[in-house]
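See below for input-v7.cif, which holds mmCIF, C-alpha atoms.
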```
data_entry
loop_
_atom_site.label_atom_id
_atom_site.label_comp_id
_atom_site.auth_asym_id
_atom_site.auth_seq_id
_atom_site.Cartn_x
_atom_site.Cartn_y
_atom_site.Cartn_z
CA MET R 14 -4.90 -27.46 3.42
CA ARG R 15 -4.28 -26.55 -0.22
CA GLU R 16 -8.05 -26.45 -0.77
CA PHE R 17 -8.24 -23.01 0.88
CA LEU R 18 -5.54 -21.76 -1.47
CA LYS R 19 -7.31 -23.21 -4.51
CA GLN R 20 -10.56 -21.51 -3.53
CA ASN R 21 -8.74 -18.22 -2.97
CA ILE R 22 -7.17 -18.40 -6.44
CA LYS R 23 -10.51 -19.26 -8.08
CA LYS R 24 -12.02 -16.05 -6.70
CA HIS R 25 -9.63 -13.99 -8.80
CA ILE R 26 -8.56 -15.93 -11.91
CA SER R 27 -9.60 -18.86 -14.09
CA LEU R 28 -6.93 -21.56 -14.13
CA SER R 29 -7.44 -25.14 -15.31
CA ASP R 30 -7.28 -27.82 -12.60
CA ASN R 31 -3.90 -28.83 -13.94
CA GLU R 32 -2.54 -25.26 -13.81
CA THR R 33 -3.99 -24.75 -10.33
CA ASP R 34 -2.19 -27.88 -9.11
CA GLN R 35 1.01 -26.77 -10.82
CA PHE R 36 0.85 -23.43 -8.99
CA CYS R 37 -0.23 -24.84 -5.62
CA ASN R 38 2.56 -27.43 -5.69
CA LEU R 39 5.07 -24.58 -5.58
CA PHE R 40 3.99 -23.91 -1.97
CA HIS R 41 5.50 -25.65 1.05
CA GLN R 42 3.57 -26.11 4.27
CA LYS R 43 5.00 -24.79 7.53
CA LEU R 44 3.66 -25.17 11.08
CA ILE R 45 4.26 -22.25 13.41
CA LYS R 46 3.69 -22.60 17.15
CA LYS R 47 1.85 -19.85 19.05
CA LYS R 48 4.21 -16.94 19.89
CA SER R 49 6.83 -18.12 17.33
CA PHE R 50 8.04 -15.88 14.52
CA LEU R 51 7.71 -16.45 10.80
CA LEU R 52 9.84 -13.34 10.23
CA GLN R 53 11.88 -11.07 12.50
CA GLN R 54 13.19 -7.54 12.04
CA GLY R 55 16.57 -7.58 10.28
CA GLU R 56 15.94 -10.83 8.39
CA ILE R 57 15.35 -10.91 4.65
CA CYS R 58 11.82 -12.08 3.91
CA LYS R 59 12.15 -15.03 1.53
CA PHE R 60 8.51 -16.02 1.23
CA GLU R 61 5.02 -15.01 0.45
CA GLY R 62 2.64 -16.91 2.69
CA PHE R 63 -0.99 -17.97 2.63
CA VAL R 64 -2.54 -18.74 6.04
CA THR R 65 -4.55 -21.99 6.13
CA LYS R 66 -4.93 -22.18 9.93
CA GLY R 67 -4.34 -19.83 12.83
CA LEU R 68 -3.65 -16.17 13.25
CA PHE R 69 -0.67 -13.85 12.83
CA ARG R 70 0.15 -10.27 13.69
CA VAL R 71 2.43 -8.23 11.41
CA TYR R 72 4.08 -5.40 13.33
CA TYR R 73 7.10 -3.18 13.85
CA ASN R 74 8.71 -1.35 16.78
CA ASP R 75 8.14 2.40 16.82
CA LYS R 76 10.69 4.94 18.06
CA ASN R 77 9.34 4.66 21.61
CA GLY R 78 9.68 0.88 21.66
CA PHE R 79 5.98 0.18 21.21
CA ASP R 80 4.68 -2.54 18.87
CA GLN R 81 2.73 -0.95 16.01
CA ILE R 82 0.51 -3.51 14.30
CA LEU R 83 0.20 -3.16 10.53
CA TYR R 84 -2.38 -5.92 10.17
CA PHE R 85 -3.61 -9.28 11.43
CA ALA R 86 -3.75 -12.30 9.13
CA ALA R 87 -6.06 -15.26 9.79
CA GLU R 88 -7.18 -18.08 7.48
CA ASN R 89 -7.26 -17.14 3.75
CA TRP R 90 -5.04 -14.07 4.21
CA TRP R 91 -1.70 -13.56 2.51
CA ILE R 92 1.34 -12.53 4.57
CA THR R 93 4.75 -11.24 3.62
CA ASP R 94 6.96 -8.18 3.91
CA ILE R 95 6.60 -7.14 0.28
CA ASP R 96 9.40 -4.54 0.66
CA SER R 97 11.96 -7.01 1.99
CA PHE R 98 10.73 -9.82 -0.32
CA THR R 99 10.91 -7.67 -3.48
CA ASN R 100 14.12 -5.80 -2.72
CA ALA R 101 15.95 -8.50 -0.71
CA SER R 102 16.48 -5.87 2.01
CA PRO R 103 16.45 -6.47 5.79
CA SER R 104 12.88 -6.39 7.05
CA GLN R 105 11.59 -3.81 9.52
CA LEU R 106 8.74 -6.14 10.41
CA PHE R 107 7.95 -9.01 12.73
CA ILE R 108 5.42 -11.67 11.72
CA GLN R 109 4.36 -13.61 14.81
CA ALA R 110 1.82 -16.41 15.31
CA LEU R 111 -0.84 -15.54 17.90
CA GLU R 112 -2.22 -19.12 17.72
CA ASP R 113 -0.74 -22.45 16.59
CA SER R 114 -0.80 -21.82 12.85
CA VAL R 115 -0.20 -23.35 9.43
CA VAL R 116 0.99 -21.42 6.37
CA LEU R 117 1.74 -22.31 2.78
CA LEU R 118 4.92 -20.55 1.64
CA ILE R 119 6.19 -19.79 -1.86
CA SER R 120 9.77 -18.66 -2.55
CA LYS R 121 10.82 -15.81 -4.83
CA ASP R 122 12.24 -18.19 -7.47
CA ASP R 123 9.07 -20.26 -7.51
CA LYS R 124 6.95 -17.11 -7.79
CA GLU R 125 9.06 -15.95 -10.75
CA PHE R 126 8.65 -19.43 -12.26
CA ALA R 127 4.87 -19.08 -11.90
CA TYR R 128 4.86 -15.61 -13.51
CA LYS R 129 6.75 -17.00 -16.51
CA ASN R 130 4.84 -20.24 -16.95
CA LEU R 131 1.34 -19.33 -15.79
CA PRO R 132 0.74 -15.75 -17.02
CA GLN R 133 -2.60 -15.59 -15.18
CA ILE R 134 -0.62 -15.51 -11.93
CA GLU R 135 0.35 -11.93 -12.86
CA LYS R 136 -3.31 -11.03 -12.60
CA LEU R 137 -3.72 -12.89 -9.30
CA PHE R 138 -0.94 -10.91 -7.64
CA ARG R 139 -1.89 -7.65 -9.40
CA VAL R 140 -5.36 -7.93 -7.85
CA MET R 141 -4.03 -9.15 -4.46
CA THR R 142 -1.47 -6.32 -4.25
CA GLN R 143 -4.17 -3.80 -5.20
CA LYS R 144 -6.40 -5.07 -2.39
CA THR R 145 -3.55 -5.01 0.12
CA HIS R 146 -2.67 -1.50 -0.98
CA VAL R 147 -6.25 -0.29 -0.65
CA ALA R 148 -6.39 -1.78 2.88
CA LEU R 149 -3.15 -0.06 3.92
CA GLN R 150 -4.20 3.28 2.42
CA ARG R 151 -7.55 3.11 4.25
CA ARG R 152 -5.77 2.22 7.49
CA MET R 153 -3.36 5.15 7.11
CA ILE R 154 -6.14 7.64 6.32
CA ASN R 155 -8.49 6.34 9.04
CA ASN R 156 -5.79 6.47 11.72
CA LEU R 157 -5.60 10.22 11.37
CA SER R 158 -9.09 11.08 10.20
CA LYS R 159 -11.32 9.06 12.55
CA PRO R 160 -11.41 8.96 16.36
CA ALA R 161 -10.43 5.68 18.09
CA GLU R 162 -14.02 4.88 19.09
CA GLU R 163 -15.19 4.98 15.49
CA ARG R 164 -12.22 2.87 14.34
CA TYR R 165 -12.96 0.32 17.07
CA MET R 166 -16.62 0.08 16.04
CA GLU R 167 -15.61 -0.41 12.41
CA PHE R 168 -13.08 -3.09 13.39
CA ILE R 169 -15.53 -5.21 15.39
CA GLU R 170 -18.20 -4.85 12.71
CA LYS R 171 -15.82 -5.77 9.89
CA TYR R 172 -14.00 -8.56 11.72
CA PRO R 173 -16.41 -10.04 14.32
CA GLN R 174 -14.65 -13.43 14.38
CA LEU R 175 -11.19 -11.90 14.62
CA THR R 176 -12.38 -9.77 17.55
CA GLN R 177 -13.30 -12.97 19.44
CA ARG R 178 -9.84 -14.46 18.86
CA LEU R 179 -7.77 -11.40 19.75
CA SER R 180 -6.83 -10.17 23.22
CA ASN R 181 -7.72 -6.62 24.25
CA ILE R 182 -4.00 -5.85 24.22
CA GLN R 183 -3.72 -6.79 20.53
CA ILE R 184 -6.82 -4.83 19.51
CA ALA R 185 -5.62 -1.76 21.44
CA ALA R 186 -2.18 -2.01 19.77
CA TYR R 187 -3.86 -2.25 16.34
CA LEU R 188 -5.90 0.88 17.09
CA GLY R 189 -2.82 2.68 18.42
CA ILE R 190 -4.37 3.30 21.85
CA THR R 191 -3.70 2.04 25.39
CA ASN R 192 -5.50 -0.92 26.88
CA VAL R 193 -7.11 1.39 29.45
CA PHE R 194 -8.43 3.69 26.72
CA LEU R 195 -9.92 0.67 24.90
CA SER R 196 -11.65 -0.42 28.14
CA ASN R 197 -13.14 3.06 28.46
CA ILE R 198 -14.42 2.92 24.87
CA ARG R 199 -16.00 -0.50 25.56
CA LYS R 200 -17.68 0.77 28.74
CA LYS R 201 -19.00 3.82 26.90
CA ILE R 202 -20.45 1.62 24.12
CA ALA R 203 -22.01 -0.77 26.66
CA HIS R 204 -23.81 2.15 28.34
CA LYS R 205 -25.27 3.44 25.08
CA MET A 1412 4.37 13.90 -24.03
CA ARG A 1413 3.64 10.23 -24.60
CA GLU A 1414 7.39 9.57 -24.87
CA PHE A 1415 7.71 9.73 -21.06
CA LEU A 1416 4.96 7.13 -20.75
CA LYS A 1417 6.59 4.89 -23.34
CA GLN A 1418 9.92 5.05 -21.51
CA ASN A 1419 8.20 4.30 -18.21
CA ILE A 1420 6.51 1.22 -19.69
CA LYS A 1421 9.77 -0.04 -21.23
CA LYS A 1422 11.40 -0.07 -17.80
CA HIS A 1423 8.99 -2.76 -16.65
CA ILE A 1424 7.76 -4.82 -19.62
CA SER A 1425 8.63 -5.69 -23.22
CA LEU A 1426 5.92 -4.58 -25.60
CA SER A 1427 6.30 -4.27 -29.38
CA ASP A 1428 6.18 -0.72 -30.78
CA ASN A 1429 2.73 -1.49 -32.11
CA GLU A 1430 1.46 -2.72 -28.73
CA THR A 1431 3.04 0.23 -26.95
CA ASP A 1432 1.20 2.62 -29.28
CA GLN A 1433 -2.02 0.69 -28.82
CA PHE A 1434 -1.71 1.04 -25.02
CA CYS A 1435 -0.55 4.67 -25.04
CA ASN A 1436 -3.40 5.68 -27.34
CA LEU A 1437 -5.84 4.71 -24.59
CA PHE A 1438 -4.63 7.74 -22.60
CA HIS A 1439 -6.07 11.24 -22.93
CA GLN A 1440 -4.04 14.32 -22.16
CA LYS A 1441 -5.30 16.82 -19.58
CA LEU A 1442 -3.88 20.19 -18.59
CA ILE A 1443 -4.31 21.20 -14.97
CA LYS A 1444 -3.63 24.76 -13.83
CA LYS A 1445 -1.67 25.37 -10.63
CA LYS A 1446 -3.92 25.03 -7.53
CA SER A 1447 -6.64 23.22 -9.54
CA PHE A 1448 -7.90 19.79 -8.56
CA LEU A 1449 -7.71 16.58 -10.55
CA LEU A 1450 -9.79 14.88 -7.84
CA GLN A 1451 -11.68 16.12 -4.80
CA GLN A 1452 -12.92 14.32 -1.70
CA GLY A 1453 -16.38 12.80 -2.30
CA GLU A 1454 -15.87 12.34 -6.05
CA ILE A 1455 -15.43 8.93 -7.64
CA CYS A 1456 -11.95 8.63 -9.12
CA LYS A 1457 -12.44 7.63 -12.75
CA PHE A 1458 -8.83 7.65 -13.91
CA GLU A 1459 -5.34 6.46 -13.43
CA GLY A 1460 -2.93 9.22 -14.38
CA PHE A 1461 0.67 9.51 -15.49
CA VAL A 1462 2.30 12.90 -14.91
CA THR A 1463 4.24 14.22 -17.92
CA LYS A 1464 4.73 17.77 -16.61
CA GLY A 1465 4.29 19.53 -13.30
CA LEU A 1466 3.73 18.48 -9.74
CA PHE A 1467 0.79 17.24 -7.66
CA ARG A 1468 0.08 16.63 -4.01
CA VAL A 1469 -2.21 13.78 -2.96
CA TYR A 1470 -3.72 14.45 0.46
CA TYR A 1471 -6.67 14.12 2.82
CA ASN A 1472 -8.13 16.12 5.70
CA ASP A 1473 -7.47 14.66 9.15
CA LYS A 1474 -9.93 14.87 12.04
CA ASN A 1475 -8.45 18.20 13.16
CA GLY A 1476 -8.88 19.76 9.73
CA PHE A 1477 -5.20 19.53 8.77
CA ASP A 1478 -4.07 18.42 5.30
CA GLN A 1479 -2.18 15.13 5.56
CA ILE A 1480 -0.09 14.52 2.45
CA LEU A 1481 0.09 10.90 1.27
CA TYR A 1482 2.60 11.62 -1.48
CA PHE A 1483 3.80 14.08 -4.13
CA ALA A 1484 3.78 13.17 -7.82
CA ALA A 1485 6.04 14.89 -10.36
CA GLU A 1486 7.01 13.86 -13.91
CA ASN A 1487 6.98 10.07 -14.51
CA TRP A 1488 4.86 9.33 -11.44
CA TRP A 1489 1.47 7.62 -11.51
CA ILE A 1490 -1.46 9.18 -9.64
CA THR A 1491 -4.88 7.87 -8.72
CA ASP A 1492 -6.99 6.98 -5.72
CA ILE A 1493 -6.74 3.23 -6.22
CA ASP A 1494 -9.45 2.60 -3.58
CA SER A 1495 -12.02 4.87 -5.23
CA PHE A 1496 -10.95 3.83 -8.76
CA THR A 1497 -11.19 0.08 -8.03
CA ASN A 1498 -14.32 0.10 -5.89
CA ALA A 1499 -16.15 3.04 -7.51
CA SER A 1500 -16.52 4.53 -4.01
CA PRO A 1501 -16.37 8.24 -3.07
CA SER A 1502 -12.76 9.29 -2.63
CA GLN A 1503 -11.33 10.50 0.68
CA LEU A 1504 -8.50 12.17 -1.22
CA PHE A 1505 -7.70 15.42 -2.96
CA ILE A 1506 -5.27 15.49 -5.89
CA GLN A 1507 -4.16 19.07 -6.48
CA ALA A 1508 -1.66 20.58 -8.94
CA LEU A 1509 1.10 22.55 -7.22
CA GLU A 1510 2.38 23.78 -10.62
CA ASP A 1511 0.79 24.10 -14.08
CA SER A 1512 0.72 20.41 -14.98
CA VAL A 1513 -0.02 17.89 -17.72
CA VAL A 1514 -1.27 14.35 -17.11
CA LEU A 1515 -2.17 11.41 -19.32
CA LEU A 1516 -5.33 9.74 -18.05
CA ILE A 1517 -6.72 6.26 -18.68
CA SER A 1518 -10.28 5.26 -17.78
CA LYS A 1519 -11.35 2.06 -16.03
CA ASP A 1520 -12.92 0.62 -19.20
CA ASP A 1521 -9.80 1.32 -21.23
CA LYS A 1522 -7.61 -0.22 -18.54
CA GLU A 1523 -9.78 -3.35 -18.57
CA PHE A 1524 -9.52 -3.38 -22.37
CA ALA A 1525 -5.72 -3.26 -22.04
CA TYR A 1526 -5.69 -6.12 -19.49
CA LYS A 1527 -7.70 -8.26 -21.88
CA ASN A 1528 -5.90 -7.44 -25.10
CA LEU A 1529 -2.34 -6.81 -23.92
CA PRO A 1530 -1.71 -9.37 -21.16
CA GLN A 1531 1.69 -7.82 -20.40
CA ILE A 1532 -0.16 -4.83 -18.96
CA GLU A 1533 -1.09 -7.07 -16.01
CA LYS A 1534 2.61 -7.27 -15.22
CA LEU A 1535 3.09 -3.51 -15.62
CA PHE A 1536 0.42 -2.72 -13.06
CA ARG A 1537 1.39 -5.64 -10.80
CA VAL A 1538 4.89 -4.19 -10.58
CA MET A 1539 3.65 -0.57 -10.29
CA THR A 1540 1.18 -1.44 -7.52
CA GLN A 1541 3.90 -3.37 -5.70
CA LYS A 1542 6.20 -0.34 -5.82
CA THR A 1543 3.44 2.00 -4.67
CA HIS A 1544 2.60 -0.38 -1.86
CA VAL A 1545 6.23 -0.64 -0.74
CA ALA A 1546 6.46 3.18 -0.72
CA LEU A 1547 3.30 3.55 1.39
CA GLN A 1548 4.37 0.82 3.83
CA ARG A 1549 7.78 2.48 4.26
CA ARG A 1550 6.10 5.85 4.80
CA MET A 1551 3.74 4.42 7.42
CA ILE A 1552 6.56 2.64 9.29
CA ASN A 1553 8.98 5.58 9.09
CA ASN A 1554 6.36 8.05 10.36
CA LEU A 1555 6.26 6.27 13.68
CA SER A 1556 9.73 4.77 13.89
CA LYS A 1557 11.98 7.68 12.88
CA PRO A 1558 12.20 11.23 14.27
CA ALA A 1559 11.20 14.14 12.00
CA GLU A 1560 14.80 15.30 11.52
CA GLU A 1561 15.86 11.91 10.15
CA ARG A 1562 12.81 11.77 7.87
CA TYR A 1563 13.56 15.27 6.57
CA MET A 1564 17.18 14.34 5.81
CA GLU A 1565 16.03 11.22 3.97
CA PHE A 1566 13.46 13.23 1.99
CA ILE A 1567 15.93 15.86 0.75
CA GLU A 1568 18.52 13.19 -0.08
CA LYS A 1569 16.04 11.01 -1.96
CA TYR A 1570 14.21 13.84 -3.74
CA PRO A 1571 16.66 16.76 -4.15
CA GLN A 1572 14.82 18.19 -7.17
CA LEU A 1573 11.41 17.87 -5.55
CA THR A 1574 12.74 19.70 -2.48
CA GLN A 1575 13.64 22.68 -4.71
CA ARG A 1576 10.14 22.81 -6.17
CA LEU A 1577 8.18 22.47 -2.93
CA SER A 1578 7.40 25.19 -0.40
CA ASN A 1579 8.40 24.68 3.24
CA ILE A 1580 4.70 24.44 4.08
CA GLN A 1581 4.26 21.45 1.75
CA ILE A 1582 7.37 19.66 3.04
CA ALA A 1583 6.33 20.26 6.67
CA ALA A 1584 2.84 18.90 5.89
CA TYR A 1585 4.38 15.82 4.26
CA LEU A 1586 6.53 15.21 7.35
CA GLY A 1587 3.55 15.79 9.65
CA ILE A 1588 5.23 18.66 11.50
CA THR A 1589 4.65 22.41 11.79
CA ASN A 1590 6.42 24.92 9.59
CA VAL A 1591 8.17 26.33 12.67
CA PHE A 1592 9.46 22.89 13.66
CA LEU A 1593 10.80 22.39 10.11
CA SER A 1594 12.61 25.76 10.31
CA ASN A 1595 14.20 24.63 13.58
CA ILE A 1596 15.36 21.38 12.00
CA ARG A 1597 16.88 23.32 9.08
CA LYS A 1598 18.70 25.73 11.40
CA LYS A 1599 20.04 22.80 13.43
CA ILE A 1600 21.32 21.10 10.25
CA ALA A 1601 22.90 24.36 8.99
CA HIS A 1602 24.84 24.70 12.26
CA LYS A 1603 26.23 21.17 12.11
#
```

Could you show the structure in this file as structure tokens?
Amino acid sequence: MREFLKQNIKKHISLSDNETDQFCNLFHQKLIKKKSFLLQQGEICKFEGFVTKGLFRVYYNDKNGFDQILYFAAENWWITDIDSFTNASPSQLFIQALEDSVVLLISKDDKEFAYKNLPQIEKLFRVMTQKTHVALQRRMINNLSKPAEERYMEFIEKYPQLTQRLSNIQIAAYLGITNVFLSNIRKKIAHK
Amino acid sequence: MREFLKQNIKKHISLSDNETDQFCNLFHQKLIKKKSFLLQQGEICKFEGFVTKGLFRVYYNDKNGFDQILYFAAENWWITDIDSFTNASPSQLFIQALEDSVVLLISKDDKEFAYKNLPQIEKLFRVMTQKTHVALQRRMINNLSKPAEERYMEFIEKYPQLTQRLSNIQIAAYLGITNVFLSNIRKKIAHK
């Protein structure tokens, strides 16, 4: 399972095999059953996770009680609540497995250890955080600047495999529309 | 003007005076008149900026033609479109001065030079990007999970000086509400 993590690291930085092992050994594997939670609102997030199997949704409850999905995370994605993890504050987020899943988790102390002893890890997380930030900024801008149909088309083009694994309910929640509205969009596209 | 930048750096990393100068000398000062743009939609963002004087708004046009403000940036804040800057893609954002302003700008090449020659700079931008990301995530969650009145109260408590410098129109746009609705909130608060 650590092979996925090693490949992910190699994409961004050049570590020796020994250093890679040293870093990867700081992670602990955790199995999460479908529908179980890796994090719940109110808890302090004590991990950064790397998904090696399965699928998660990261979401929060809006003021009307609806689940608002920030993002999905499948294999090779990183998951955490960076706010709660960094500031040791109660999380506003839920991280729930949508399939039986496996994650590799690193604690705050072990991450600090890595920053001190393997300076390249600074670069790894600088680049990762930049990418995550770009994704969130795009999502925020697109939500208000593009109609739902266009956002749906972009989603299925960008994540064809994810689309197969997600229920209509999850995709609709991600797009911030009702299930009925998503069905209408699908019908409209099918007739084109 | 570079003193602000030096103090900002010192908060996050330990560089020698020599290294600090070396890094700060990579920045070029730019004066921006009130209402002028540092970046406009469609342009490629070729800088990361540090505000030493003045005030900016970073915003985009939504699908109804309204300005949606991502954030304000006054003295000691960093400004860029990280998406456009990183990926050399046309920006969706406008960065406009709301007062006569001064910024220190660093180019992509000079930032890469700093990463290579002053490894601590990786940490500086890892921490900065993390903070920016936390701020955006909080903003996205709060927009949908807290009513406008609560968000207004939080804004004026967190940024009392900024509140003094901003027009009601700008604050209303930041909160995603109309000017009239903001006036009503203010009247309600005054009567409490």

Between atom CA of Trp1488 of chain A and atom CA of Glu135 of chain R, what distance in Å does the model show, to one decimal?
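Computing it gives 21.8 Å between the two atoms.
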
Neighbour list for Asn38 of chain R as a list in words, cut-off 10 Å, all atoms listed in the file, skip fewer than 3 positions in-chain:
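With the cut-off at 10 Å, the set is Arg15, Glu32, Thr33, Asp34, Gln35, His41, Leu117, Ile119 and Asp123 of chain R.
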
Residues of the last selection are to be written out with C-alpha atoms, as an mmCIF file, in the coordinates of the input.
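In the end it all went to part_7.cif:
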```
data_model
loop_
_atom_site.group_PDB
_atom_site.id
_atom_site.type_symbol
_atom_site.label_atom_id
_atom_site.label_comp_id
_atom_site.auth_asym_id
_atom_site.auth_seq_id
_atom_site.Cartn_x
_atom_site.Cartn_y
_atom_site.Cartn_z
ATOM 1 C CA ARG R 15 -4.280 -26.550 -0.220
ATOM 2 C CA GLU R 32 -2.540 -25.260 -13.810
ATOM 3 C CA THR R 33 -3.990 -24.750 -10.330
ATOM 4 C CA ASP R 34 -2.190 -27.880 -9.110
ATOM 5 C CA GLN R 35 1.010 -26.770 -10.820
ATOM 6 C CA HIS R 41 5.500 -25.650 1.050
ATOM 7 C CA LEU R 117 1.740 -22.310 2.780
ATOM 8 C CA ILE R 119 6.190 -19.790 -1.860
ATOM 9 C CA ASP R 123 9.070 -20.260 -7.510
#
```

Who sits within 12 Å of Gln1479 of chain A, all atoms listed in the file, same chain under 5 positions skipped, as a PyMOL selection string
(chain R and resi 153-158) or (chain A and resi 1468-1474+1503-1506+1580-1589)

Padding 4 Å on every side, please: axis-aligned box over the listed atoms of segment 1450-1466 of chain A, centre and edge lengths to one decimal in Å, as lines of an AutoDock Vina configuration file.
```
center_x = -5.8
center_y = 13.0
center_z = -9.8
size_x = 29.1
size_y = 21.1
size_z = 24.2
```

Using Å and a single decimal, report how far atom CA of Asn77 of chain R sits from atom CA of Ser196 of chain R.
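Atom-to-atom, atom CA of Ser196 of chain R and atom CA of Asn77 of chain R are spaced 22.6 Å apart.
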
Could you tell me, as number ranges by chain, exactly which residues end up selected when the PyMOL selection byres ((chain R and resi 61) around 7) is applied to this structure?
R: 60, 62, 92-93, 118-120

Reference answer for the PyMOL selection byres ((chain R and resi 134) around 10), as a PyMOL selection string
(chain R and resi 22+25-28+33+36+124-125+127-133+135-140) or (chain A and resi 1533-1534)

Could you list, as a PDB file with C-alpha atoms, keeping the file's coordinate frame, every residue within 10 Å of Arg1597 of chain A, counting all atoms listed in the file and ignoring same-chain residues fewer than 5 positions away?
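The resulting around26.pdb:
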```
ATOM      1  CA  GLU A1560      14.800  15.300  11.520  1.00  0.00           C
ATOM      2  CA  TYR A1563      13.560  15.270   6.570  1.00  0.00           C
ATOM      3  CA  MET A1564      17.180  14.340   5.810  1.00  0.00           C
ATOM      4  CA  VAL A1591       8.170  26.330  12.670  1.00  0.00           C
ATOM      5  CA  PHE A1592       9.460  22.890  13.660  1.00  0.00           C
ATOM      6  CA  HIS A1602      24.840  24.700  12.260  1.00  0.00           C
TER       7      HIS A1602
END
```

Rank nothing, just name the residue among A:Asn1487, A:Gln1452, A:Gln1440, A:Lys1464 nearest to Gln1418 of chain A, using all atoms listed in the file.
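Closest to Gln1418 of chain A, using all atoms listed in the file: A:Asn1487.
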
Check the smallest atom-to-atom distance from each of A:Asn1590, A:Gln1572, A:Ser1495, A:Ser1512 to chain R using all atoms listed in the file, then report the winner.
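Result for the nearest residue to chain R: A:Ser1495.
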
One decimal, in Å: what's the spacing between atom CA of Gln150 of chain R and atom CA of Thr1543 of chain A?
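Atom-to-atom, atom CA of Gln150 of chain R and atom CA of Thr1543 of chain A are spaced 10.5 Å apart.
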
Proximity to chain A - best of R:Lys24, R:Lys43, R:Lys201, R:Lys159, only C-alpha atoms
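Of R:Lys24, R:Lys43, R:Lys201, R:Lys159, the one nearest chain A, counting only C-alpha atoms, is R:Lys159.
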
Of the candidates A:Met1539, A:Ala1601, A:Leu1593, A:Ile1567, which shows the shortest atom-to-atom distance to chain R, using all atoms listed in the file?
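Using all atoms listed in the file, chain R sits closest to A:Met1539.
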
Will you model N, CA and C atoms for segment 1548-1560 of chain A and pass it back as an mmCIF file, in the frame of the given file?
```
data_model
loop_
_atom_site.group_PDB
_atom_site.id
_atom_site.type_symbol
_atom_site.label_atom_id
_atom_site.label_comp_id
_atom_site.auth_asym_id
_atom_site.auth_seq_id
_atom_site.Cartn_x
_atom_site.Cartn_y
_atom_site.Cartn_z
ATOM 1 N N GLN A 1548 4.016 1.566 2.611
ATOM 2 C CA GLN A 1548 4.370 0.820 3.830
ATOM 3 C C GLN A 1548 5.584 1.463 4.506
ATOM 4 N N ARG A 1549 6.591 1.829 3.701
ATOM 5 C CA ARG A 1549 7.780 2.480 4.260
ATOM 6 C C ARG A 1549 7.403 3.790 4.937
ATOM 7 N N ARG A 1550 6.523 4.547 4.266
ATOM 8 C CA ARG A 1550 6.100 5.850 4.800
ATOM 9 C C ARG A 1550 5.385 5.660 6.133
ATOM 10 N N MET A 1551 4.508 4.668 6.196
ATOM 11 C CA MET A 1551 3.740 4.420 7.420
ATOM 12 C C MET A 1551 4.680 4.006 8.565
ATOM 13 N N ILE A 1552 5.614 3.105 8.265
ATOM 14 C CA ILE A 1552 6.560 2.640 9.290
ATOM 15 C C ILE A 1552 7.473 3.787 9.736
ATOM 16 N N ASN A 1553 8.033 4.502 8.762
ATOM 17 C CA ASN A 1553 8.980 5.580 9.090
ATOM 18 C C ASN A 1553 8.335 6.680 9.922
ATOM 19 N N ASN A 1554 7.062 6.997 9.616
ATOM 20 C CA ASN A 1554 6.360 8.050 10.360
ATOM 21 C C ASN A 1554 6.409 7.823 11.857
ATOM 22 N N LEU A 1555 6.312 6.553 12.242
ATOM 23 C CA LEU A 1555 6.260 6.270 13.680
ATOM 24 C C LEU A 1555 7.577 5.731 14.230
ATOM 25 N N SER A 1556 8.505 5.374 13.349
ATOM 26 C CA SER A 1556 9.730 4.770 13.890
ATOM 27 C C SER A 1556 10.961 5.673 13.746
ATOM 28 N N LYS A 1557 10.838 6.781 13.022
ATOM 29 C CA LYS A 1557 11.980 7.680 12.880
ATOM 30 C C LYS A 1557 11.608 9.108 13.259
ATOM 31 N N PRO A 1558 12.510 9.832 13.928
ATOM 32 C CA PRO A 1558 12.200 11.230 14.270
ATOM 33 C C PRO A 1558 12.140 12.101 13.017
ATOM 34 N N ALA A 1559 11.449 13.248 13.142
ATOM 35 C CA ALA A 1559 11.200 14.140 12.000
ATOM 36 C C ALA A 1559 12.501 14.572 11.309
ATOM 37 N N GLU A 1560 13.542 14.832 12.100
ATOM 38 C CA GLU A 1560 14.800 15.300 11.520
ATOM 39 C C GLU A 1560 15.374 14.262 10.557
#
```
